[in-house]
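For reference, data.txt (compact mmCIF, C-alpha atoms):
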# COMPACT_ATOMS: atom_id res chain seq x y z
CA MET A 113 0.00 0.00 0.00
CA THR A 114 2.75 2.40 0.99
CA VAL A 115 4.86 1.37 -1.99
CA THR A 116 1.96 1.96 -4.37
CA ALA A 117 1.30 5.43 -2.98
CA SER A 118 4.97 6.27 -3.17
CA LYS A 119 5.18 5.20 -6.77
CA SER A 120 2.08 7.13 -7.73
CA ALA A 121 3.56 10.25 -6.20
CA ASP A 122 6.80 9.98 -8.17
CA PRO A 123 5.49 11.35 -11.50
CA GLN A 124 4.11 14.47 -9.82
CA GLU A 125 7.32 14.94 -7.88
CA GLY A 126 9.32 14.57 -11.08
CA ALA A 127 7.11 17.08 -12.89
CA ASN A 128 7.51 19.60 -10.08
CA ARG A 129 11.28 19.12 -10.14
CA ARG A 130 11.36 19.83 -13.87
CA VAL A 131 9.24 22.97 -13.48
CA TYR A 132 11.45 24.38 -10.72
CA THR A 133 14.61 23.47 -12.63
CA VAL A 134 13.45 25.22 -15.80
CA ALA A 135 12.30 28.29 -13.83
CA GLY A 136 15.57 28.43 -11.88
CA CYS A 137 17.63 28.15 -15.06
CA TYR A 138 15.61 30.93 -16.66
CA PHE A 139 16.23 33.16 -13.64
CA VAL A 140 19.97 32.46 -13.83
CA ALA A 141 20.15 33.09 -17.57
CA SER A 142 18.15 36.32 -17.28
CA PHE A 143 20.57 37.92 -14.87
CA ALA A 144 22.88 39.49 -17.43
CA ALA A 145 20.12 40.07 -19.99
CA LEU A 146 18.09 42.13 -17.50
CA GLY A 147 20.71 43.40 -15.08
CA LEU A 148 23.28 44.95 -17.41
CA PRO A 149 21.28 47.06 -19.95
CA PRO A 150 20.43 49.74 -17.32
CA TYR A 151 24.21 50.37 -17.17
CA PHE A 152 24.68 50.94 -20.91
CA THR A 153 25.25 54.64 -20.27
CA ALA A 154 28.25 53.67 -18.14
CA MET A 155 29.54 51.07 -20.62
CA LEU A 156 29.39 52.95 -23.90
CA PRO A 157 32.05 55.58 -23.08
CA GLU A 158 34.51 52.67 -22.75
CA LEU A 159 33.56 51.59 -26.28
CA GLY A 160 33.98 54.94 -28.02
CA ASP A 161 30.62 56.62 -27.39
CA PRO A 162 31.50 59.27 -24.78
CA THR A 163 27.96 60.67 -24.47
CA ALA A 164 26.25 57.24 -24.63
CA ARG A 165 23.94 58.55 -27.34
CA TRP A 166 23.37 55.01 -28.66
CA ALA A 167 22.17 53.62 -25.30
CA GLY A 168 18.46 53.85 -26.09
CA LEU A 169 18.80 52.16 -29.47
CA LEU A 170 21.07 49.40 -28.18
CA TYR A 171 18.65 48.78 -25.31
CA VAL A 172 16.03 47.41 -27.74
CA VAL A 173 18.36 45.55 -30.14
CA PRO A 174 18.10 42.18 -28.32
CA THR A 175 14.33 42.65 -28.02
CA VAL A 176 13.87 43.27 -31.76
CA PHE A 177 16.00 40.34 -32.90
CA GLY A 178 14.65 38.08 -30.16
CA GLY A 179 11.11 38.71 -31.35
CA LEU A 180 12.04 38.06 -34.97
CA GLY A 181 13.77 34.77 -34.16
CA ALA A 182 11.33 33.36 -31.58
CA PRO A 183 8.71 31.87 -33.98
CA LEU A 184 11.39 30.08 -36.01
CA TRP A 185 13.10 28.62 -32.94
CA GLY A 186 9.69 27.53 -31.63
CA ARG A 187 8.87 25.61 -34.80
CA LEU A 188 12.32 24.01 -34.77
CA ALA A 189 11.73 22.93 -31.17
CA ASP A 190 8.52 21.17 -32.20
CA ARG A 191 10.43 19.38 -34.94
CA PHE A 192 13.75 18.50 -33.32
CA GLY A 193 12.97 18.46 -29.58
CA ARG A 194 12.19 21.06 -26.92
CA LYS A 195 15.07 20.14 -24.66
CA LYS A 196 17.59 20.53 -27.48
CA LEU A 197 16.31 23.98 -28.37
CA LEU A 198 16.21 25.03 -24.72
CA LEU A 199 19.87 24.02 -24.40
CA ARG A 200 20.61 25.91 -27.62
CA ALA A 201 19.05 29.06 -26.18
CA GLN A 202 21.15 28.90 -23.00
CA LEU A 203 24.38 28.23 -24.89
CA GLY A 204 23.53 30.99 -27.36
CA LEU A 205 23.21 33.47 -24.50
CA ALA A 206 26.56 32.36 -23.07
CA VAL A 207 28.29 32.98 -26.43
CA ALA A 208 26.61 36.38 -26.86
CA PHE A 209 27.48 37.53 -23.32
CA LEU A 210 31.10 36.47 -23.75
CA LEU A 211 31.38 38.42 -27.01
CA ALA A 212 29.75 41.48 -25.41
CA GLY A 213 32.22 41.40 -22.52
CA LEU A 214 35.19 41.13 -24.89
CA ALA A 215 33.91 43.81 -27.31
CA ASP A 216 36.19 46.83 -27.76
CA SER A 217 34.01 48.93 -30.07
CA ILE A 218 30.38 49.89 -30.60
CA PRO A 219 30.00 47.72 -33.77
CA VAL A 220 31.28 44.58 -32.02
CA PHE A 221 29.13 45.26 -28.95
CA THR A 222 26.10 45.77 -31.22
CA ALA A 223 26.84 42.48 -32.98
CA ALA A 224 26.90 40.77 -29.58
CA LEU A 225 23.49 42.21 -28.71
CA VAL A 226 22.12 41.04 -32.07
CA LEU A 227 23.43 37.54 -31.31
CA GLN A 228 21.86 37.74 -27.86
CA GLY A 229 18.48 38.32 -29.50
CA VAL A 230 18.88 35.80 -32.30
CA LEU A 231 20.51 32.98 -30.30
CA GLY A 232 18.70 33.59 -27.01
CA GLY A 233 14.96 33.22 -26.62
CA THR A 234 15.16 31.34 -23.32
CA PHE A 235 11.67 32.48 -22.26
CA ALA A 236 9.96 31.06 -25.35
CA ALA A 237 12.11 27.92 -25.19
CA SER A 238 11.27 27.39 -21.51
CA ASN A 239 7.56 27.92 -22.20
CA GLY A 240 7.75 25.45 -25.09
CA TYR A 241 9.41 22.83 -22.91
CA LEU A 242 6.82 23.18 -20.15
CA GLY A 243 3.96 23.36 -22.66
CA ALA A 244 4.99 20.00 -24.09
CA ALA A 245 5.11 18.36 -20.66
CA LEU A 246 2.11 19.88 -18.86
CA ARG A 247 -1.52 20.72 -19.48
CA GLY A 248 -4.36 22.59 -17.80
CA PRO A 249 -3.90 24.04 -14.30
CA ALA A 250 -0.44 22.48 -14.00
CA LEU A 251 0.74 24.42 -17.06
CA THR A 252 -0.91 27.61 -15.78
CA ARG A 253 0.97 27.34 -12.48
CA ALA A 254 4.23 26.60 -14.31
CA LEU A 255 3.85 29.68 -16.54
CA THR A 256 3.16 31.82 -13.46
CA LEU A 257 6.30 30.46 -11.79
CA LEU A 258 8.36 31.15 -14.92
CA GLN A 259 7.19 34.77 -14.98
CA LEU A 260 7.93 34.93 -11.26
CA SER A 261 11.56 34.10 -11.99
CA ALA A 262 11.63 36.75 -14.74
CA ARG A 263 10.30 39.45 -12.38
CA ALA A 264 12.75 38.38 -9.68
CA ALA A 265 15.65 38.78 -12.11
CA LEU A 266 14.31 42.16 -13.20
CA VAL A 267 14.23 43.35 -9.58
CA PHE A 268 17.45 41.88 -8.20
CA ALA A 269 19.85 41.72 -11.17
CA PRO A 270 20.43 45.51 -11.52
CA ILE A 271 21.09 45.71 -7.77
CA VAL A 272 23.69 42.93 -7.89
CA VAL A 273 25.35 44.43 -10.98
CA GLY A 274 25.56 47.78 -9.19
CA LEU A 275 27.19 46.18 -6.15
CA LEU A 276 29.69 44.25 -8.29
CA SER A 277 30.62 47.37 -10.27
CA VAL A 278 32.77 48.47 -7.31
CA TRP A 279 35.23 45.71 -8.29
CA LEU A 280 34.44 45.08 -11.97
CA SER A 281 33.00 47.41 -14.61
CA PRO A 282 29.52 46.50 -15.88
CA HIS A 283 30.97 45.98 -19.35
CA ARG A 284 33.41 43.29 -18.17
CA GLN A 285 30.73 41.71 -16.00
CA TYR A 286 29.29 40.27 -19.21
CA ILE A 287 32.27 37.87 -19.25
CA VAL A 288 31.63 36.65 -15.71
CA LEU A 289 27.87 36.47 -16.12
CA ALA A 290 28.28 34.36 -19.28
CA LEU A 291 28.98 31.53 -16.85
CA LEU A 292 25.37 31.68 -15.63
CA PRO A 293 23.59 30.49 -18.82
CA LEU A 294 26.44 28.01 -19.32
CA SER A 295 25.81 26.53 -15.88
CA ALA A 296 22.07 26.52 -16.61
CA ALA A 297 22.72 24.51 -19.77
CA LEU A 298 24.75 21.96 -17.82
CA LEU A 299 21.93 21.61 -15.31
CA LEU A 300 19.33 21.21 -18.06
CA LEU A 301 21.31 18.30 -19.51
CA TRP A 302 19.87 16.14 -16.72
CA LEU A 303 16.27 16.90 -17.65
CA PRO A 304 14.40 14.44 -19.88
CA GLU A 305 12.94 15.37 -23.22
CA PRO A 306 9.26 16.07 -22.44
CA GLU A 307 6.98 13.31 -23.62
CA ALA A 308 4.33 15.05 -25.60
CA SER A 309 1.30 15.12 -23.39
CA GLU A 310 0.02 13.47 -26.28
CA ASP A 311 -1.95 16.05 -28.10
CA SER A 312 0.97 18.37 -28.86
CA GLY A 313 0.93 19.33 -32.45
CA LYS A 314 -2.14 17.21 -33.14
CA LYS A 315 -5.62 18.24 -34.00
CA ASN A 316 -7.98 18.69 -31.16
CA GLY A 317 -11.43 17.36 -30.60
CA THR A 318 -13.02 14.02 -31.24
CA ASP A 319 -14.14 14.97 -34.73
CA GLY A 320 -10.60 15.76 -35.91
CA ALA A 321 -11.30 19.47 -36.28
CA ALA A 322 -8.43 21.91 -35.87
CA PRO A 323 -8.41 24.04 -32.70
CA ASP A 324 -10.44 27.25 -32.85
CA PRO A 325 -8.01 30.05 -33.89
CA ARG A 326 -9.96 32.80 -32.11
CA PRO A 327 -8.59 32.15 -28.58
CA LEU A 328 -5.07 32.17 -30.03
CA ARG A 329 -5.64 35.55 -31.67
CA ALA A 330 -7.06 36.82 -28.37
CA LEU A 331 -3.95 35.54 -26.55
CA PHE A 332 -1.59 37.35 -28.93
CA ALA A 333 -3.61 40.58 -28.67
CA LEU A 334 -3.66 40.32 -24.88
CA GLU A 335 0.11 39.75 -24.72
CA PHE A 336 0.88 42.72 -26.97
CA THR A 337 -1.46 45.07 -25.11
CA VAL A 338 -0.33 44.16 -21.58
CA VAL A 339 3.33 44.53 -22.53
CA PHE A 340 2.70 47.82 -24.35
CA ALA A 341 0.58 49.37 -21.59
CA THR A 342 3.08 48.54 -18.83
CA VAL A 343 6.45 48.89 -20.55
CA ILE A 344 5.64 52.33 -21.99
CA SER A 345 5.72 53.73 -18.43
CA PHE A 346 9.17 52.32 -17.61
CA PRO A 347 11.76 54.36 -19.58
CA TYR A 348 10.89 57.81 -18.19
CA LEU A 349 9.59 56.95 -14.73
CA VAL A 350 12.80 58.01 -12.97
CA ALA A 351 12.78 61.29 -14.92
CA LEU A 352 9.13 61.88 -13.98
CA VAL A 353 9.79 61.20 -10.29
CA GLY A 354 12.85 63.47 -10.41
CA ALA A 355 10.84 66.30 -11.97
CA ARG A 356 7.97 66.02 -9.46
CA LEU A 357 10.09 65.21 -6.38
CA PRO A 358 13.55 66.70 -7.01
CA ASP A 359 14.80 66.01 -3.46
CA LEU A 360 13.92 62.31 -3.52
CA PRO A 361 16.98 60.00 -3.27
CA ALA A 362 17.79 57.97 -6.37
CA ALA A 363 17.43 54.73 -4.42
CA VAL A 364 13.79 55.55 -3.61
CA ALA A 365 13.10 56.29 -7.29
CA GLY A 366 14.58 52.89 -8.11
CA LEU A 367 12.32 51.25 -5.55
CA LEU A 368 9.30 52.95 -7.11
CA PHE A 369 10.38 51.51 -10.47
CA ALA A 370 10.58 48.01 -8.98
CA LEU A 371 7.35 48.20 -6.97
CA PRO A 372 4.95 46.66 -9.56
CA HIS A 373 7.33 43.73 -10.07
CA LEU A 374 7.56 43.25 -6.30
CA VAL A 375 3.75 43.09 -6.16
CA TYR A 376 3.85 40.26 -8.70
CA LEU A 377 6.59 38.47 -6.78
CA LEU A 378 4.66 38.64 -3.51
CA THR A 379 1.13 37.88 -4.74
CA ALA A 380 1.14 35.91 -8.01
CA MET A 381 1.33 32.36 -6.66
CA SER A 382 -1.21 32.90 -3.87
CA LEU A 383 -3.65 34.62 -6.26
CA GLN A 384 -3.13 31.81 -8.77
CA ARG A 385 -4.29 29.27 -6.18
CA ARG A 386 -7.38 31.30 -5.33
CA LEU A 387 -8.61 32.10 -8.84
CA ARG A 388 -11.50 29.82 -9.81
CA THR A 389 -12.69 31.70 -12.89
CA GLY A 390 -11.74 31.64 -16.53
CA PRO A 391 -9.13 34.03 -17.91
CA LEU A 392 -11.50 36.90 -18.72
CA PRO A 393 -12.51 38.16 -15.22
CA PRO A 394 -8.92 38.68 -13.95
CA VAL A 395 -8.02 40.34 -17.26
CA ILE A 396 -10.96 42.76 -16.94
CA VAL A 397 -10.07 43.73 -13.36
CA GLY A 398 -6.40 43.85 -14.34
CA PHE A 399 -6.91 46.30 -17.20
CA ALA A 400 -9.09 48.47 -14.94
CA CYS A 401 -6.26 48.61 -12.39
CA LEU A 402 -3.71 49.33 -15.11
CA ALA A 403 -5.83 52.22 -16.40
CA VAL A 404 -6.21 53.75 -12.92
CA GLY A 405 -2.60 53.21 -11.89
CA LEU A 406 -1.14 54.61 -15.10
CA ALA A 407 -3.48 57.61 -15.19
CA ALA A 408 -2.48 58.41 -11.60
CA HIS A 409 1.10 59.02 -12.80
CA TRP A 410 -0.22 62.01 -14.77
CA VAL A 411 -1.65 63.82 -11.73
CA THR A 412 0.29 62.74 -8.64
CA ASP A 413 3.01 64.97 -7.21
CA SER A 414 3.73 63.25 -3.88
CA LEU A 415 5.67 60.19 -2.78
CA PHE A 416 2.51 58.66 -1.30
CA GLY A 417 0.70 59.17 -4.62
CA PHE A 418 3.46 57.49 -6.58
CA VAL A 419 3.52 54.54 -4.18
CA VAL A 420 -0.25 54.07 -4.53
CA ALA A 421 -0.08 54.41 -8.33
CA ARG A 422 2.72 51.85 -8.58
CA LEU A 423 0.92 49.41 -6.26
CA ILE A 424 -2.28 49.62 -8.33
CA LEU A 425 -0.21 49.17 -11.48
CA GLY A 426 1.39 46.07 -9.93
CA ILE A 427 -2.00 44.58 -9.06
CA GLY A 428 -3.20 45.18 -12.62
CA LEU A 429 -0.05 43.68 -14.09
CA THR A 430 -0.36 40.60 -11.89
CA LEU A 431 -4.01 39.96 -12.72
CA CYS A 432 -3.47 40.46 -16.46
CA LEU A 433 -0.54 38.04 -16.47
CA LEU A 434 -2.49 35.44 -14.51
CA GLY A 435 -5.34 35.70 -17.00
CA ARG A 436 -2.82 35.48 -19.82
CA ASN A 437 -1.38 32.28 -18.34
CA MET A 438 -4.84 30.69 -18.10
CA LEU A 439 -5.59 31.58 -21.71
CA ALA A 440 -2.16 30.32 -22.85
CA SER A 441 -2.78 27.03 -21.05
CA ASP A 442 -6.14 26.67 -22.81
CA CYS A 443 -4.63 27.50 -26.19
CA ALA A 444 -1.78 25.01 -25.76
CA THR A 445 -4.20 22.08 -25.91
CA GLY A 446 -4.09 20.58 -29.39
CA ARG A 447 -1.28 22.83 -30.59
CA ALA A 448 2.46 22.42 -31.01
CA PRO A 449 3.74 24.33 -27.96
CA GLY A 450 7.04 25.45 -29.46
CA GLY A 451 5.42 27.26 -32.35
CA MET A 452 2.68 28.73 -30.18
CA PHE A 453 4.97 30.08 -27.46
CA GLY A 454 7.49 31.26 -30.05
CA SER A 455 4.77 33.32 -31.71
CA LEU A 456 3.62 34.55 -28.30
CA GLU A 457 7.16 35.74 -27.61
CA PHE A 458 7.13 37.63 -30.93
CA PHE A 459 4.04 39.60 -29.85
CA ALA A 460 5.58 40.29 -26.43
CA LYS A 461 8.72 41.69 -28.04
CA ALA A 462 6.65 43.66 -30.54
CA GLY A 463 4.70 45.22 -27.67
CA ALA A 464 7.93 46.17 -25.89
CA VAL A 465 9.46 47.74 -29.01
CA ALA A 466 6.25 49.65 -29.80
CA ALA A 467 6.15 50.86 -26.20
CA GLY A 468 9.74 52.08 -26.35
CA VAL A 469 9.18 53.98 -29.60
CA ALA A 470 5.91 55.49 -28.38
CA ALA A 471 7.41 56.47 -25.01
CA THR A 472 10.27 58.29 -26.73
CA ALA A 473 7.94 60.11 -29.12
CA VAL A 474 5.40 61.35 -26.57
CA ASN A 475 8.08 62.23 -24.01
CA LEU A 476 9.82 64.49 -26.53
CA ARG A 477 6.56 66.33 -27.22
CA TYR A 478 4.64 66.27 -23.92
CA GLY A 479 7.10 65.39 -21.17
CA PRO A 480 7.85 62.35 -18.97
CA ALA A 481 4.28 61.94 -17.65
CA ALA A 482 2.83 61.43 -21.13
CA PRO A 483 4.01 57.81 -21.69
CA ALA A 484 2.11 56.58 -18.62
CA LEU A 485 -1.02 58.39 -19.82
CA VAL A 486 -0.75 56.72 -23.24
CA GLY A 487 -0.40 53.36 -21.50
CA GLY A 488 -3.50 54.13 -19.45
CA LEU A 489 -5.48 54.93 -22.61
CA ALA A 490 -4.34 51.62 -24.15
CA ALA A 491 -5.52 49.83 -20.99
CA VAL A 492 -8.93 51.57 -21.21
CA ALA A 493 -9.32 50.49 -24.84
CA ALA A 494 -8.40 46.89 -23.92
CA LEU A 495 -10.83 47.01 -20.99
CA MET A 496 -13.67 48.03 -23.31
CA VAL A 497 -12.89 45.13 -25.65
CA ALA A 498 -12.68 42.64 -22.77
CA LEU A 499 -16.00 43.86 -21.30
CA THR A 500 -17.65 43.50 -24.72
CA VAL A 501 -16.42 39.92 -25.00
CA GLU A 502 -17.64 39.16 -21.46
CA VAL A 503 -21.13 40.53 -22.21
CA ARG A 504 -21.33 38.54 -25.45
CA GLN A 505 -20.32 35.35 -23.65
CA ARG A 506 -22.97 35.88 -20.96
CA LEU A 507 -25.67 36.52 -23.56
CA SER A 508 -24.63 33.60 -25.75
CA PRO A 509 -26.89 30.53 -25.35
CA THR A 510 -23.79 28.29 -25.66

Is it possible to express this structure as structure tokens?
Amino acid sequence: MTVTASKSADPQEGANRRVYTVAGCYFVASFAALGLPPYFTAMLPELGDPTARWAGLLYVVPTVFGGLGAPLWGRLADRFGRKKLLLRAQLGLAVAFLLAGLADSIPVFTAALVLQGVLGGTFAASNGYLGAALRGPALTRALTLLQLSARAALVFAPIVVGLLSVWLSPHRQYIVLALLPLSAALLLLWLPEPEASEDSGKKNGTDGAAPDPRPLRALFALEFTVVFATVISFPYLVALVGARLPDLPAAVAGLLFALPHLVYLLTAMSLQRRLRTGPLPPVIVGFACLAVGLAAHWVTDSLFGFVVARLILGIGLTLCLLGRNMLASDCATGRAPGGMFGSLEFFAKAGAVAAGVAATAVNLRYGPAAPALVGGLAAVAALMVALTVEVRQRLSPT
């Protein structure tokens, strides 16, 4: 009796181990990718750009090329194996980081960032691996955990890079941090190739019909909009806080920047366990919170106001991402996960690039508060669409 129970528990224990391993490796590999770009303005003078005028453009280079390459790598993963392509992504990051740390000119450094985008794609590769091994609520929880590791890297990596810069310049830290994706690849070698949870890449339904494409289109639109509405407020937040609160220490401004991500870190898993609805209700509440939180950036002129605005923004971000994970889990059924998550990564990168371009344009014309207002308007538009869909679903006899 005891032996039987122990054996039956082993598959679940093995699945949990794989999920935590993949999430941990993604966190490790993200450290340089997320921790070093904020220090481009300190790196570029060493490479021949004394005023760091190329920092903004170089910031989005990995994003652009990562988005362009993600769908292709996803389809290759479905064809040749998700584990192989996940290993490829980690090793590709290690090569790109090493080249970036050894670069001695802007062209070579730019080439390294292009390689980082083209050869990386660890988020899509990790999603594809988990999507091939898990289904339903288990996949939803795994996607939430993977995003948890991404937010943790986004919060802690810049802090660690800043502390290490006392001994080693951020530029040369690329060489040291290249060891992180390399170690992640070595750890991933011990993971098995996921056994297709047997409907991957096959047609869904008992009648052999292909999966309905409408939820997939909704997923891509949701991903683009959430990324656009949130990321557009990031580039000029510190400038906005500095203009409204000129005596505020830089460390406090940095904490305000990190606050929405900290909300996700502290609440995502517990909220995930409590949600018993479909993806639409958390998305509706999430977009409402995003709209309020972003609009508050336009009017607030106190530290308390900024804290409240950032907390509301964090709640909205968390709920939207949880709804996104539910919808992604639903869409993964009957579809090849590599191709689906690769395409999803493309729309995420497209949203980030569009947000960066829009933030730059409206900041130049209207000032540093304008990007957050544009993000709030995008959230309002998305909220109206989501409410319309909810009403139609409630009125539908099916």

* Take CA of Asp190 in chain A and CA of Gly451 in chain A and report the distance between them in Å, one decimal. => 6.8 Å

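With all atoms listed in the file as the basis for measurement, A:Ala141 is the residue among A:Arg187, A:Pro162, A:Val353, A:Ala141 that approaches Ala201 in chain A most closely.
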
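Nearest to Val226 in chain A of all the residues A:Val497, A:Leu402, A:Leu300, A:Ala208 is A:Ala208, counting all atoms listed in the file.
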
Give me the range 215-318 of chain A side of the contact with range 378-394 of chain A, cut-off 9 Å, one line per residue showing its nearest atom pair and distance in Å at one decimal, counting all atoms listed in the file, sorted by chain and residue number, as a tab-separated table.
residue	atom	partner	partner_atom	distance
A:Thr252	CA	A:Gln384	CA	8.5
A:Arg253	CA	A:Gln384	CA	7.1
A:Thr256	CA	A:Met381	CA	7.1
A:Leu257	CA	A:Met381	CA	7.4
A:Leu260	CA	A:Ala380	CA	7.6

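Near Leu367 in chain A, within 12 Å and counting only C-alpha atoms, sit Val267, Phe268, Pro270, Ile271, Leu349, Val350, Val353, Leu360, Pro361, Ala362, Ala363, Leu371, Pro372, His373, Leu374, Val375, Leu415, Phe418, Val419, Arg422 and Leu423 of chain A, not including residues fewer than 4 positions from it in the same chain.
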
Selected residues written out, C-alpha atoms, as a tab-separated table (two decimals), keeping the file's coordinate frame:
chain	number	residue	atom	x	y	z
A	267	VAL	CA	14.23	43.35	-9.58
A	268	PHE	CA	17.45	41.88	-8.20
A	270	PRO	CA	20.43	45.51	-11.52
A	271	ILE	CA	21.09	45.71	-7.77
A	349	LEU	CA	9.59	56.95	-14.73
A	350	VAL	CA	12.80	58.01	-12.97
A	353	VAL	CA	9.79	61.20	-10.29
A	360	LEU	CA	13.92	62.31	-3.52
A	361	PRO	CA	16.98	60.00	-3.27
A	362	ALA	CA	17.79	57.97	-6.37
A	363	ALA	CA	17.43	54.73	-4.42
A	371	LEU	CA	7.35	48.20	-6.97
A	372	PRO	CA	4.95	46.66	-9.56
A	373	HIS	CA	7.33	43.73	-10.07
A	374	LEU	CA	7.56	43.25	-6.30
A	375	VAL	CA	3.75	43.09	-6.16
A	415	LEU	CA	5.67	60.19	-2.78
A	418	PHE	CA	3.46	57.49	-6.58
A	419	VAL	CA	3.52	54.54	-4.18
A	422	ARG	CA	2.72	51.85	-8.58
A	423	LEU	CA	0.92	49.41	-6.26

* To do: Tell me which of A:Val395, A:Leu433, A:Ala481, A:Ala244 sits closest to Glu502 in chain A, counting all atoms listed in the file.
  => A:Val395

* Asked: Do you know which residues are at most 10 Å from Ala127 in chain A counting all atoms listed in the file, after dropping those on the same chain fewer than 6 positions away, and could you put them as a PyMOL selection string?
  -> chain A and resi 133+242+245-246+250+306

* Suppose you want the space between CA of Val492 in chain A and CA of Ala351 in chain A; what is it in Å? -> 24.6 Å

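The space between CA of Glu457 in chain A and CA of Leu334 in chain A spans 12.1 Å.
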
* Near range 273-277 of chain A, counting all atoms listed in the file, which residues have an atom at most 10 Å away, once you skip same-chain residues fewer than 2 positions from it, shown as a ChimeraX atom specification? -> /A:143-144,147-148,150-151,268-271,279-285,289

* Of the listed residues A:Leu184, A:Leu291, A:Leu431, A:Leu198, that which approaches Ser455 in chain A most closely, counting all atoms listed in the file -> A:Leu184

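Using only C-alpha atoms for every distance, the candidate list A:Leu214, A:Ala164, A:Ala224, A:Leu251 yields A:Ala224 as the residue closest to Ala145 in chain A.
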
* Would you mind listing what lies within 7 Å of range 168-178 of chain A as JSON, numbers by chain, with all atoms listed in the file counted and same-chain residues fewer than 5 positions away left out? => {"A": [149, 222, 225, 226, 228, 229, 230, 232, 233, 461, 465]}

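When all atoms listed in the file are used to compute distances to Phe416 in chain A, the closest of the residues A:Leu368, A:Leu456, A:Val131, A:Ala355 turns out to be A:Leu368.
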
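Around the coordinate (33.0, 35.5, -19.7), residues that reach within 7 Å when counting all atoms listed in the file are Phe209, Leu210, Gly213, Tyr286, Ile287, Val288, Leu289, Ala290 and Leu291 of chain A.
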
Spatial neighbours of Leu199 in chain A, max dist 12 Å, only C-alpha atoms, sep filter under 6 positions, as a tab-separated table (two decimals) with C-alpha atoms, keeping the file's coordinate frame:
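Written file, selection_10.tsv:
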chain	number	residue	atom	x	y	z
A	134	VAL	CA	13.45	25.22	-15.80
A	137	CYS	CA	17.63	28.15	-15.06
A	138	TYR	CA	15.61	30.93	-16.66
A	141	ALA	CA	20.15	33.09	-17.57
A	185	TRP	CA	13.10	28.62	-32.94
A	189	ALA	CA	11.73	22.93	-31.17
A	193	GLY	CA	12.97	18.46	-29.58
A	205	LEU	CA	23.21	33.47	-24.50
A	206	ALA	CA	26.56	32.36	-23.07
A	231	LEU	CA	20.51	32.98	-30.30
A	232	GLY	CA	18.70	33.59	-27.01
A	233	GLY	CA	14.96	33.22	-26.62
A	234	THR	CA	15.16	31.34	-23.32
A	235	PHE	CA	11.67	32.48	-22.26
A	237	ALA	CA	12.11	27.92	-25.19
A	238	SER	CA	11.27	27.39	-21.51
A	241	TYR	CA	9.41	22.83	-22.91
A	293	PRO	CA	23.59	30.49	-18.82
A	294	LEU	CA	26.44	28.01	-19.32
A	295	SER	CA	25.81	26.53	-15.88
A	296	ALA	CA	22.07	26.52	-16.61
A	297	ALA	CA	22.72	24.51	-19.77
A	298	LEU	CA	24.75	21.96	-17.82
A	299	LEU	CA	21.93	21.61	-15.31
A	300	LEU	CA	19.33	21.21	-18.06
A	301	LEU	CA	21.31	18.30	-19.51
A	302	TRP	CA	19.87	16.14	-16.72
A	303	LEU	CA	16.27	16.90	-17.65
A	304	PRO	CA	14.40	14.44	-19.88
A	305	GLU	CA	12.94	15.37	-23.22

Please, what is the axis-aligned box for every listed atom of range 377-388 of chain A with 6 Å on each side, as centre and edge lengths in Å to one decimal, as lines of an AutoDock Vina configuration file?
center_x = -2.5
center_y = 34.0
center_z = -6.7
size_x = 30.1
size_y = 21.4
size_z = 18.3

* To do: For the point (8.4, 49.1, -29.3) in the file's frame, write as a ChimeraX atom specification all residues with an atom no more than 12 Å away, counting only C-alpha atoms.
  => /A:168-169,171-176,179,336-337,339-344,347,458-473
